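A.B. asks: Following this line is input_12.cif, made up of mmCIF, C-alpha atoms:
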```cif
data_final
loop_
_atom_site.label_atom_id
_atom_site.label_comp_id
_atom_site.auth_asym_id
_atom_site.auth_seq_id
_atom_site.Cartn_x
_atom_site.Cartn_y
_atom_site.Cartn_z
CA MET J 1 73.54 145.04 63.79
CA THR J 2 75.78 142.03 64.01
CA GLU J 3 74.97 138.75 65.68
CA SER J 4 74.35 139.46 69.37
CA PRO J 5 76.78 137.57 71.60
CA ALA J 6 75.05 136.35 74.75
CA ALA J 7 76.88 136.21 78.03
CA ARG J 8 76.70 133.13 80.18
CA HIS J 9 73.32 132.76 81.86
CA ALA J 10 73.56 134.68 85.11
CA SER J 11 71.85 133.01 88.06
CA THR J 12 73.73 134.48 91.03
CA GLN J 13 74.76 137.94 92.13
CA ALA J 14 78.37 137.00 91.38
CA ASP J 15 77.41 135.99 87.82
CA PHE J 16 75.71 139.33 87.25
CA ALA J 17 78.64 141.21 88.75
CA ALA J 18 81.04 139.41 86.40
CA ASN J 19 78.91 140.06 83.30
CA LEU J 20 78.38 143.69 84.30
CA ALA J 21 82.11 144.22 84.85
CA SER J 22 82.85 142.69 81.45
CA ILE J 23 80.41 144.96 79.62
CA ARG J 24 81.62 148.04 81.47
CA ALA J 25 85.21 147.17 80.62
CA ARG J 26 84.31 146.84 76.94
CA ILE J 27 82.50 150.19 77.04
CA ALA J 28 85.52 151.83 78.69
CA ALA J 29 87.86 150.34 76.09
CA ALA J 30 85.60 151.55 73.26
CA GLU J 31 85.46 155.04 74.79
CA ALA J 32 89.25 155.16 75.01
CA LYS J 33 89.74 153.85 71.47
CA ALA J 34 87.38 156.51 70.13
CA GLY J 35 89.07 159.28 72.11
CA ARG J 36 85.94 159.71 74.21
CA ALA J 37 85.95 160.76 77.85
CA ALA J 38 85.69 157.94 80.37
CA GLY J 39 82.11 157.60 81.57
CA SER J 40 80.64 159.43 78.55
CA VAL J 41 78.50 156.40 77.61
CA ARG J 42 75.59 155.22 79.75
CA LEU J 43 74.84 151.52 79.89
CA LEU J 44 71.11 150.77 79.71
CA PRO J 45 70.51 147.14 80.72
CA VAL J 46 67.66 145.65 78.67
CA THR J 47 65.71 143.53 81.12
CA LYS J 48 62.88 142.16 78.96
CA THR J 49 61.83 138.61 79.91
CA VAL J 50 63.93 138.75 83.10
CA PRO J 51 61.61 138.17 86.08
CA ALA J 52 61.65 140.54 89.03
CA GLU J 53 63.13 137.95 91.38
CA ARG J 54 66.14 137.47 89.11
CA LEU J 55 66.45 141.20 88.57
CA ARG J 56 66.99 141.66 92.29
CA LEU J 57 70.28 139.79 91.92
CA ALA J 58 71.32 142.05 89.01
CA ILE J 59 70.35 145.13 91.02
CA ALA J 60 72.41 143.94 93.96
CA ALA J 61 75.33 143.56 91.54
CA GLY J 62 75.05 147.18 90.40
CA VAL J 63 72.24 147.52 87.83
CA HIS J 64 70.17 150.67 88.41
CA TRP J 65 68.46 151.27 85.05
CA LEU J 66 65.92 148.81 83.65
CA GLY J 67 65.15 149.04 79.92
CA GLU J 68 61.90 147.38 78.82
CA ASN J 69 60.24 146.97 75.43
CA LYS J 70 56.78 146.00 76.57
CA VAL J 71 54.98 148.59 78.67
CA GLN J 72 52.80 146.16 80.61
CA GLU J 73 55.81 144.06 81.59
CA ALA J 74 57.69 147.17 82.68
CA TRP J 75 54.75 148.41 84.75
CA GLU J 76 54.40 145.07 86.52
CA LYS J 77 58.11 145.03 87.36
CA SER J 78 57.95 148.58 88.69
CA GLN J 79 55.26 147.41 91.09
CA ALA J 80 57.11 144.24 92.08
CA LEU J 81 60.30 146.23 92.72
CA ALA J 82 58.64 149.25 94.33
CA ASP J 83 60.70 148.74 97.47
CA LEU J 84 63.81 149.76 95.50
CA PRO J 85 63.33 153.51 94.93
CA GLN J 86 66.78 153.95 93.37
CA LEU J 87 65.70 152.15 90.19
CA LYS J 88 65.06 154.04 86.97
CA TYR J 89 62.90 152.74 84.15
CA SER J 90 63.34 153.33 80.43
CA VAL J 91 60.65 152.20 77.99
CA ILE J 92 62.44 151.48 74.72
CA GLY J 93 59.79 149.76 72.60
CA HIS J 94 56.92 151.04 70.48
CA LEU J 95 54.11 152.56 72.52
CA GLN J 96 50.42 152.17 71.74
CA THR J 97 48.57 155.28 72.87
CA ASN J 98 46.26 153.31 75.17
CA LYS J 99 49.33 152.32 77.21
CA ALA J 100 50.51 155.90 77.69
CA LYS J 101 48.88 156.02 81.15
CA TYR J 102 51.32 153.39 82.43
CA VAL J 103 54.40 155.13 81.06
CA ALA J 104 53.25 158.41 82.59
CA ARG J 105 52.95 156.78 86.02
CA PHE J 106 56.35 155.19 86.43
CA ALA J 107 58.83 155.67 83.57
CA ASP J 108 61.81 157.97 83.87
CA GLU J 109 62.52 157.81 80.15
CA PHE J 110 60.81 156.88 76.88
CA GLN J 111 63.09 156.16 73.93
CA ALA J 112 60.65 155.46 71.08
CA LEU J 113 58.73 158.69 70.48
CA ASP J 114 57.89 158.94 66.80
CA ASN J 115 54.43 160.49 66.27
CA LEU J 116 52.12 163.22 67.50
CA ARG J 117 49.41 160.86 68.76
CA GLN J 118 51.92 159.30 71.16
CA SER J 119 53.06 162.76 72.23
CA GLN J 120 49.53 163.99 72.85
CA ALA J 121 48.57 160.89 74.82
CA LEU J 122 51.69 161.09 76.97
CA GLU J 123 51.24 164.82 77.58
CA ARG J 124 47.65 164.32 78.76
CA ARG J 125 48.56 161.49 81.10
CA LEU J 126 51.63 163.30 82.45
CA GLU J 127 49.45 166.29 83.30
CA ILE J 128 47.16 164.00 85.29
CA GLU J 129 50.14 162.46 87.10
CA ASP J 130 51.83 165.86 87.47
CA ARG J 131 55.08 164.45 86.10
CA THR J 132 57.52 165.16 83.29
CA LEU J 133 59.18 162.56 81.09
CA GLU J 134 62.52 162.54 79.31
CA VAL J 135 62.08 161.31 75.74
CA PHE J 136 64.19 160.27 72.76
CA ILE J 137 62.90 160.65 69.21
CA GLN J 138 63.15 157.33 67.37
CA VAL J 139 64.60 157.62 63.86
CA ASN J 140 64.50 154.84 61.27
CA THR J 141 68.04 155.04 59.91
CA SER J 142 67.95 151.70 58.09
CA SER J 143 65.00 152.61 55.80
CA GLU J 144 63.36 149.28 56.67
CA GLU J 145 59.58 149.45 56.48
CA SER J 146 59.23 146.90 59.27
CA LYS J 147 60.89 149.23 61.79
CA PHE J 148 59.22 152.02 63.72
CA GLY J 149 60.66 155.52 63.79
CA LEU J 150 60.62 158.71 61.78
CA GLU J 151 62.35 159.03 58.47
CA PRO J 152 65.46 161.18 59.05
CA GLY J 153 64.03 164.06 57.05
CA GLN J 154 60.93 164.19 59.24
CA ALA J 155 62.82 164.77 62.48
CA PRO J 156 63.17 168.58 62.23
CA VAL J 157 59.44 169.13 61.73
CA PHE J 158 58.59 166.72 64.54
CA LEU J 159 61.00 168.43 66.94
CA LYS J 160 59.38 171.79 66.19
CA GLN J 161 55.96 170.30 66.90
CA LEU J 162 57.18 168.97 70.24
CA GLN J 163 57.98 172.49 71.43
CA GLY J 164 54.35 172.80 72.48
CA PHE J 165 54.51 169.84 74.86
CA GLU J 166 55.58 171.09 78.27
CA ARG J 167 55.68 167.68 79.96
CA LEU J 168 57.93 166.02 77.36
CA GLN J 169 61.62 166.81 77.70
CA VAL J 170 63.44 165.84 74.51
CA LYS J 171 66.91 164.57 75.42
CA GLY J 172 68.09 162.90 72.25
CA LEU J 173 67.59 160.41 69.43
CA MET J 174 67.32 156.63 69.27
CA THR J 175 67.77 154.15 66.44
CA LEU J 176 67.99 150.45 65.65
CA ALA J 177 70.73 149.62 63.18
CA VAL J 178 70.25 147.22 60.29
CA PHE J 179 70.81 143.56 61.15
CA SER J 180 73.89 142.72 59.10
CA PRO J 181 77.33 141.15 59.51
CA GLN J 182 78.69 143.99 57.33
CA GLN J 183 80.03 146.56 59.77
CA GLU J 184 79.89 149.41 57.28
CA LEU J 185 76.15 148.96 56.84
CA VAL J 186 75.72 149.07 60.61
CA ARG J 187 78.01 152.09 60.94
CA ALA J 188 76.02 153.89 58.23
CA CYS J 189 72.92 153.74 60.43
CA PHE J 190 74.78 155.21 63.37
CA ARG J 191 76.35 157.92 61.23
CA LYS J 192 72.95 158.85 59.87
CA LEU J 193 71.65 159.40 63.41
CA VAL J 194 74.64 161.64 64.14
CA ALA J 195 73.83 163.63 61.01
CA VAL J 196 70.22 164.05 62.11
CA ARG J 197 71.40 165.39 65.46
CA GLU J 198 73.67 167.87 63.71
CA GLU J 199 70.72 169.11 61.63
CA LEU J 200 68.56 169.46 64.74
CA ARG J 201 71.27 171.40 66.53
CA GLN J 202 71.03 174.05 63.85
CA LEU J 203 67.38 174.66 64.75
CA ASN J 204 68.22 175.84 68.27
CA LEU J 205 65.07 174.25 69.68
CA GLY J 206 66.60 172.90 72.85
CA SER J 207 69.15 170.29 73.85
CA VAL J 208 68.98 167.16 71.68
CA GLU J 209 72.37 165.75 72.56
CA GLU J 210 71.92 162.11 73.56
CA LEU J 211 72.28 159.30 71.02
CA SER J 212 70.85 155.92 72.04
CA MET J 213 72.26 153.42 69.57
CA GLY J 214 73.98 150.10 69.80
CA MET J 215 72.95 146.78 71.35
CA SER J 216 74.75 143.67 72.56
CA GLY J 217 76.13 142.85 69.11
CA ASP J 218 77.23 146.29 67.96
CA PHE J 219 77.57 148.69 70.88
CA GLU J 220 81.31 149.13 70.39
CA LEU J 221 80.73 150.28 66.82
CA ALA J 222 78.05 152.64 68.12
CA ILE J 223 80.42 154.13 70.68
CA ALA J 224 83.00 154.70 67.95
CA GLU J 225 80.36 156.68 66.03
CA GLY J 226 79.21 158.75 69.02
CA ALA J 227 76.64 156.80 71.07
CA THR J 228 75.96 158.19 74.53
CA VAL J 229 73.58 155.36 75.54
CA VAL J 230 73.98 151.69 74.63
CA ARG J 231 71.24 149.11 75.23
CA VAL J 232 72.60 145.73 76.32
CA GLY J 233 70.45 142.75 77.28
CA GLN J 234 71.85 139.35 76.35
CA GLY J 235 75.38 140.56 77.02
CA LEU J 236 74.38 140.93 80.66
CA PHE J 237 71.68 138.37 81.27
CA GLY J 238 72.39 135.62 78.76
CA ALA J 239 70.36 134.36 75.82
CA ARG J 240 66.58 134.81 75.87
CA ALA J 241 64.12 132.03 75.09
CA LEU J 242 62.37 134.12 72.43
CA PRO J 243 64.11 135.80 69.46
CA ASP J 244 64.66 139.55 69.39
CA SER J 245 62.10 139.83 66.57
CA HIS J 246 59.43 139.15 69.20
CA TYR J 247 60.37 142.44 70.88
CA TRP J 248 61.89 144.53 68.09
CA PRO J 249 59.72 144.57 64.92
CA GLY J 250 62.00 144.16 61.95
CA PHE J 251 64.84 142.61 63.90
CA ALA J 252 65.91 139.35 62.28
CA GLY J 253 68.25 138.03 64.98
#
```
Give the structure from the file, written as structure tokens.
C.D. replies:
Amino acid sequence: MTESPAARHASTQADFAANLASIRARIAAAEAKAGRAAGSVRLLPVTKTVPAERLRLAIAAGVHWLGENKVQEAWEKSQALADLPQLKYSVIGHLQTNKAKYVARFADEFQALDNLRQSQALERRLEIEDRTLEVFIQVNTSSEESKFGLEPGQAPVFLKQLQGFERLQVKGLMTLAVFSPQQELVRACFRKLVAVREELRQLNLGSVEELSMGMSGDFELAIAEGATVVRVGQGLFGARALPDSHYWPGFAG
């Protein structure tokens, strides 16, 4: 992870449209440079700390996915924006099991699955809601104790265990790269996630194709290494008042 460049603070629909066009252009350029098909990478806007009223401007400019770290904040926004049924919500931060009921009610995607207790809690609540949930297994590719996620070697066993959960649809893997100005250290995290996916493919336990990796400061590197989802917040909305460490344990930016 390199230093995250923040876009200008967007306060109008035109501002959001300009920032969104800039990020999409950079994604397209990175896809082309890597020999990837156009449109092969999904942009997940990270909307933490952005109030619902301001989000309406971003939505009008073309944002349809909302990525949130804190479950309670995401739930409240889903209620405030309930008149916009086209929105999709991705919970991308660590989940305490007592918050699983909220995720089961509204989320379209959960990107930080890393233990059986989470899985069991989500499965129970999804049964009550009669819903399914697409999930990404979070892998700690930087070996930092402060970060959540499975160790890479634990992923195969965990995937096998998840075969018994009918409501959880495993779509891919997610990681947070190391915070470093050294691109090779960042790339190593992304390459490790690719290697984990290759190992999981050999198990033939379902489709685990998606790779969610890369944020505002390093998403182009992530695309070069195979990312299919990139999570961009400050690049779209501008700098936040609180540091990323408030939302991502172990993040030093």
A.B. asks: Write out as JSON, numbers by chain the residues lying within 10 Å of stretch 217-221 of chain J, counting all atoms listed in the file and excluding same-chain residues fewer than 4 positions away.
C.D. replies: {"J": [1, 2, 3, 4, 5, 6, 23, 26, 27, 28, 29, 30, 31, 33, 34, 43, 177, 179, 181, 183, 184, 186, 187, 190, 212, 213, 225, 226, 227, 229, 230, 231, 232, 233, 234, 235]}
A.B. asks: I would like the residues chosen by the PyMOL selection byres ((chain J and resi 53-70) around 10) on the shown file; could you give them as a PyMOL selection string?
C.D. replies: chain J and resi 10-21+42-52+71-75+77-78+80-81+84-95+99+107-112+231-233+236-237+247-248
A.B. asks: Figure out the distance between atom CA of J:Ala32 and atom CA of J:Ile223, please, to one decimal in Å.
C.D. replies: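 Value for the atom CA of J:Ile223-atom CA of J:Ala32 distance: 9.9 Å.
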A.B. asks: With a distance cut-off of 12 Å and only C-alpha atoms, select the neighbouring residues of J:Ala104, excluding the residue or stretch itself and same-chain residues fewer than 5 positions from it, and output the selection as an NGL selection string.
C.D. replies: :J and (71 or 75 or 89-91 or 95 or 97-99 or 109-110 or 118-135 or 167-168)
A.B. asks: Applying the PyMOL selection byres ((chain J and resi 156-166) around 9) to the file I just gave you, which residues come out? Please list them as a PyMOL selection string.
C.D. replies: chain J and resi 114-116+119-120+123+132+137+150+152-155+167-170+196+199-200+203+205-206
A.B. asks: Any chance you can output those residues with C-alpha atoms as an mmCIF file, in the frame of the given file?
C.D. replies:
```cif
data_model
loop_
_atom_site.group_PDB
_atom_site.id
_atom_site.type_symbol
_atom_site.label_atom_id
_atom_site.label_comp_id
_atom_site.auth_asym_id
_atom_site.auth_seq_id
_atom_site.Cartn_x
_atom_site.Cartn_y
_atom_site.Cartn_z
ATOM 1 C CA ASP J 114 57.890 158.940 66.800
ATOM 2 C CA ASN J 115 54.430 160.490 66.270
ATOM 3 C CA LEU J 116 52.120 163.220 67.500
ATOM 4 C CA SER J 119 53.060 162.760 72.230
ATOM 5 C CA GLN J 120 49.530 163.990 72.850
ATOM 6 C CA GLU J 123 51.240 164.820 77.580
ATOM 7 C CA THR J 132 57.520 165.160 83.290
ATOM 8 C CA ILE J 137 62.900 160.650 69.210
ATOM 9 C CA LEU J 150 60.620 158.710 61.780
ATOM 10 C CA PRO J 152 65.460 161.180 59.050
ATOM 11 C CA GLY J 153 64.030 164.060 57.050
ATOM 12 C CA GLN J 154 60.930 164.190 59.240
ATOM 13 C CA ALA J 155 62.820 164.770 62.480
ATOM 14 C CA ARG J 167 55.680 167.680 79.960
ATOM 15 C CA LEU J 168 57.930 166.020 77.360
ATOM 16 C CA GLN J 169 61.620 166.810 77.700
ATOM 17 C CA VAL J 170 63.440 165.840 74.510
ATOM 18 C CA VAL J 196 70.220 164.050 62.110
ATOM 19 C CA GLU J 199 70.720 169.110 61.630
ATOM 20 C CA LEU J 200 68.560 169.460 64.740
ATOM 21 C CA LEU J 203 67.380 174.660 64.750
ATOM 22 C CA LEU J 205 65.070 174.250 69.680
ATOM 23 C CA GLY J 206 66.600 172.900 72.850
#
```
A.B. asks: Looking at only C-alpha atoms, which of J:His9, J:Val208, J:Arg201, J:Leu176 is the one that sits closest to J:Ser143?
C.D. replies: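 Of the candidates, the smallest distance to J:Ser143 is held by J:Leu176.
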A.B. asks: I'd like the contact shell of J:Asn140 - 7 Å cut-off, all atoms listed in the file, skipping same-chain residues fewer than 4 positions apart - returned as a VMD selection string.
C.D. replies: chain J and resid 147 to 152 175
A.B. asks: Using only C-alpha atoms, which of J:Ala25, J:Ala195, J:Ala239, J:Leu211 sits nearest J:Lys171?
C.D. replies: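 The answer is J:Leu211, which sits nearest to J:Lys171.
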A.B. asks: What is the atom CA of J:Ser146 to atom CA of J:Val178 distance in Å?
C.D. replies: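 Separation between atom CA of J:Ser146 and atom CA of J:Val178: 11.1 Å.
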A.B. asks: Report, in Å to a single decimal, how far apart atom CA of J:Glu76 and atom CA of J:Met215 are.
C.D. replies: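 Going from atom CA of J:Met215 over to atom CA of J:Glu76, I get 24.0 Å.
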A.B. asks: Please reconstruct the missing atoms of stretch 204-215 of chain J (target: all heavy atoms) and return them as a PDB file, in the coordinates of the input.
C.D. replies:
```pdb
ATOM      1  N   ASN J 204      68.224 175.155  66.982  1.00  0.00           N
ATOM      2  CA  ASN J 204      68.220 175.840  68.270  1.00  0.00           C
ATOM      3  C   ASN J 204      66.885 175.719  68.990  1.00  0.00           C
ATOM      4  O   ASN J 204      66.338 176.700  69.506  1.00  0.00           O
ATOM      5  CB  ASN J 204      68.599 177.316  68.101  1.00  0.00           C
ATOM      6  CG  ASN J 204      70.019 177.501  67.602  1.00  0.00           C
ATOM      7  OD1 ASN J 204      70.928 176.822  68.059  1.00  0.00           O
ATOM      8  ND2 ASN J 204      70.204 178.398  66.655  1.00  0.00           N
ATOM      9  N   LEU J 205      66.360 174.499  69.038  1.00  0.00           N
ATOM     10  CA  LEU J 205      65.070 174.250  69.680  1.00  0.00           C
ATOM     11  C   LEU J 205      65.228 173.498  70.996  1.00  0.00           C
ATOM     12  O   LEU J 205      64.310 172.837  71.460  1.00  0.00           O
ATOM     13  CB  LEU J 205      64.151 173.458  68.731  1.00  0.00           C
ATOM     14  CG  LEU J 205      63.715 174.187  67.463  1.00  0.00           C
ATOM     15  CD1 LEU J 205      62.927 173.262  66.560  1.00  0.00           C
ATOM     16  CD2 LEU J 205      62.885 175.417  67.813  1.00  0.00           C
ATOM     17  N   GLY J 206      66.362 173.603  71.596  1.00  0.00           N
ATOM     18  CA  GLY J 206      66.600 172.900  72.850  1.00  0.00           C
ATOM     19  C   GLY J 206      67.727 171.893  72.710  1.00  0.00           C
ATOM     20  O   GLY J 206      68.264 171.670  71.626  1.00  0.00           O
ATOM     21  N   SER J 207      68.052 171.249  73.818  1.00  0.00           N
ATOM     22  CA  SER J 207      69.150 170.290  73.850  1.00  0.00           C
ATOM     23  C   SER J 207      68.706 168.922  73.363  1.00  0.00           C
ATOM     24  O   SER J 207      67.851 168.281  73.972  1.00  0.00           O
ATOM     25  CB  SER J 207      69.704 170.172  75.270  1.00  0.00           C
ATOM     26  OG  SER J 207      70.715 169.212  75.350  1.00  0.00           O
ATOM     27  N   VAL J 208      69.256 168.487  72.223  1.00  0.00           N
ATOM     28  CA  VAL J 208      68.980 167.160  71.680  1.00  0.00           C
ATOM     29  C   VAL J 208      70.348 166.496  71.496  1.00  0.00           C
ATOM     30  O   VAL J 208      70.812 166.297  70.380  1.00  0.00           O
ATOM     31  CB  VAL J 208      68.203 167.226  70.358  1.00  0.00           C
ATOM     32  CG1 VAL J 208      67.765 165.830  69.920  1.00  0.00           C
ATOM     33  CG2 VAL J 208      66.981 168.116  70.500  1.00  0.00           C
ATOM     34  N   GLU J 209      70.974 166.167  72.599  1.00  0.00           N
ATOM     35  CA  GLU J 209      72.370 165.750  72.560  1.00  0.00           C
ATOM     36  C   GLU J 209      72.572 164.234  72.630  1.00  0.00           C
ATOM     37  O   GLU J 209      73.528 163.707  72.065  1.00  0.00           O
ATOM     38  CB  GLU J 209      73.135 166.405  73.718  1.00  0.00           C
ATOM     39  CG  GLU J 209      73.223 167.929  73.603  1.00  0.00           C
ATOM     40  CD  GLU J 209      73.917 168.362  72.328  1.00  0.00           C
ATOM     41  OE1 GLU J 209      74.996 167.824  72.023  1.00  0.00           O
ATOM     42  OE2 GLU J 209      73.370 169.239  71.627  1.00  0.00           O
ATOM     43  N   GLU J 210      71.696 163.536  73.322  1.00  0.00           N
ATOM     44  CA  GLU J 210      71.920 162.110  73.560  1.00  0.00           C
ATOM     45  C   GLU J 210      71.670 161.280  72.297  1.00  0.00           C
ATOM     46  O   GLU J 210      70.772 161.589  71.504  1.00  0.00           O
ATOM     47  CB  GLU J 210      71.006 161.610  74.681  1.00  0.00           C
ATOM     48  CG  GLU J 210      71.200 162.307  76.020  1.00  0.00           C
ATOM     49  CD  GLU J 210      72.532 161.957  76.651  1.00  0.00           C
ATOM     50  OE1 GLU J 210      72.927 160.773  76.605  1.00  0.00           O
ATOM     51  OE2 GLU J 210      73.188 162.868  77.188  1.00  0.00           O
ATOM     52  N   LEU J 211      72.455 160.235  72.132  1.00  0.00           N
ATOM     53  CA  LEU J 211      72.280 159.300  71.020  1.00  0.00           C
ATOM     54  C   LEU J 211      72.212 157.884  71.596  1.00  0.00           C
ATOM     55  O   LEU J 211      73.215 157.355  72.082  1.00  0.00           O
ATOM     56  CB  LEU J 211      73.450 159.391  70.030  1.00  0.00           C
ATOM     57  CG  LEU J 211      73.616 160.695  69.263  1.00  0.00           C
ATOM     58  CD1 LEU J 211      74.859 160.626  68.380  1.00  0.00           C
ATOM     59  CD2 LEU J 211      72.392 161.003  68.418  1.00  0.00           C
ATOM     60  N   SER J 212      71.022 157.294  71.579  1.00  0.00           N
ATOM     61  CA  SER J 212      70.850 155.920  72.040  1.00  0.00           C
ATOM     62  C   SER J 212      70.940 155.005  70.831  1.00  0.00           C
ATOM     63  O   SER J 212      70.025 154.944  70.004  1.00  0.00           O
ATOM     64  CB  SER J 212      69.488 155.759  72.732  1.00  0.00           C
ATOM     65  OG  SER J 212      69.293 154.411  73.113  1.00  0.00           O
ATOM     66  N   MET J 213      72.053 154.312  70.716  1.00  0.00           N
ATOM     67  CA  MET J 213      72.260 153.420  69.570  1.00  0.00           C
ATOM     68  C   MET J 213      73.305 152.395  69.950  1.00  0.00           C
ATOM     69  O   MET J 213      74.266 152.687  70.672  1.00  0.00           O
ATOM     70  CB  MET J 213      72.679 154.215  68.327  1.00  0.00           C
ATOM     71  CG  MET J 213      73.917 155.079  68.463  1.00  0.00           C
ATOM     72  SD  MET J 213      74.153 156.159  67.009  1.00  0.00           S
ATOM     73  CE  MET J 213      75.866 156.679  67.253  1.00  0.00           C
ATOM     74  N   GLY J 214      73.081 151.188  69.466  1.00  0.00           N
ATOM     75  CA  GLY J 214      73.980 150.100  69.800  1.00  0.00           C
ATOM     76  C   GLY J 214      73.368 149.150  70.798  1.00  0.00           C
ATOM     77  O   GLY J 214      72.775 149.567  71.798  1.00  0.00           O
ATOM     78  N   MET J 215      73.467 147.831  70.486  1.00  0.00           N
ATOM     79  CA  MET J 215      72.950 146.780  71.350  1.00  0.00           C
ATOM     80  C   MET J 215      74.068 145.779  71.621  1.00  0.00           C
ATOM     81  O   MET J 215      75.233 146.066  71.344  1.00  0.00           O
ATOM     82  CB  MET J 215      71.714 146.159  70.699  1.00  0.00           C
ATOM     83  CG  MET J 215      70.567 147.166  70.525  1.00  0.00           C
ATOM     84  SD  MET J 215      69.198 146.601  69.470  1.00  0.00           S
ATOM     85  CE  MET J 215      68.517 145.299  70.509  1.00  0.00           C
TER      86      MET J 215
END
```
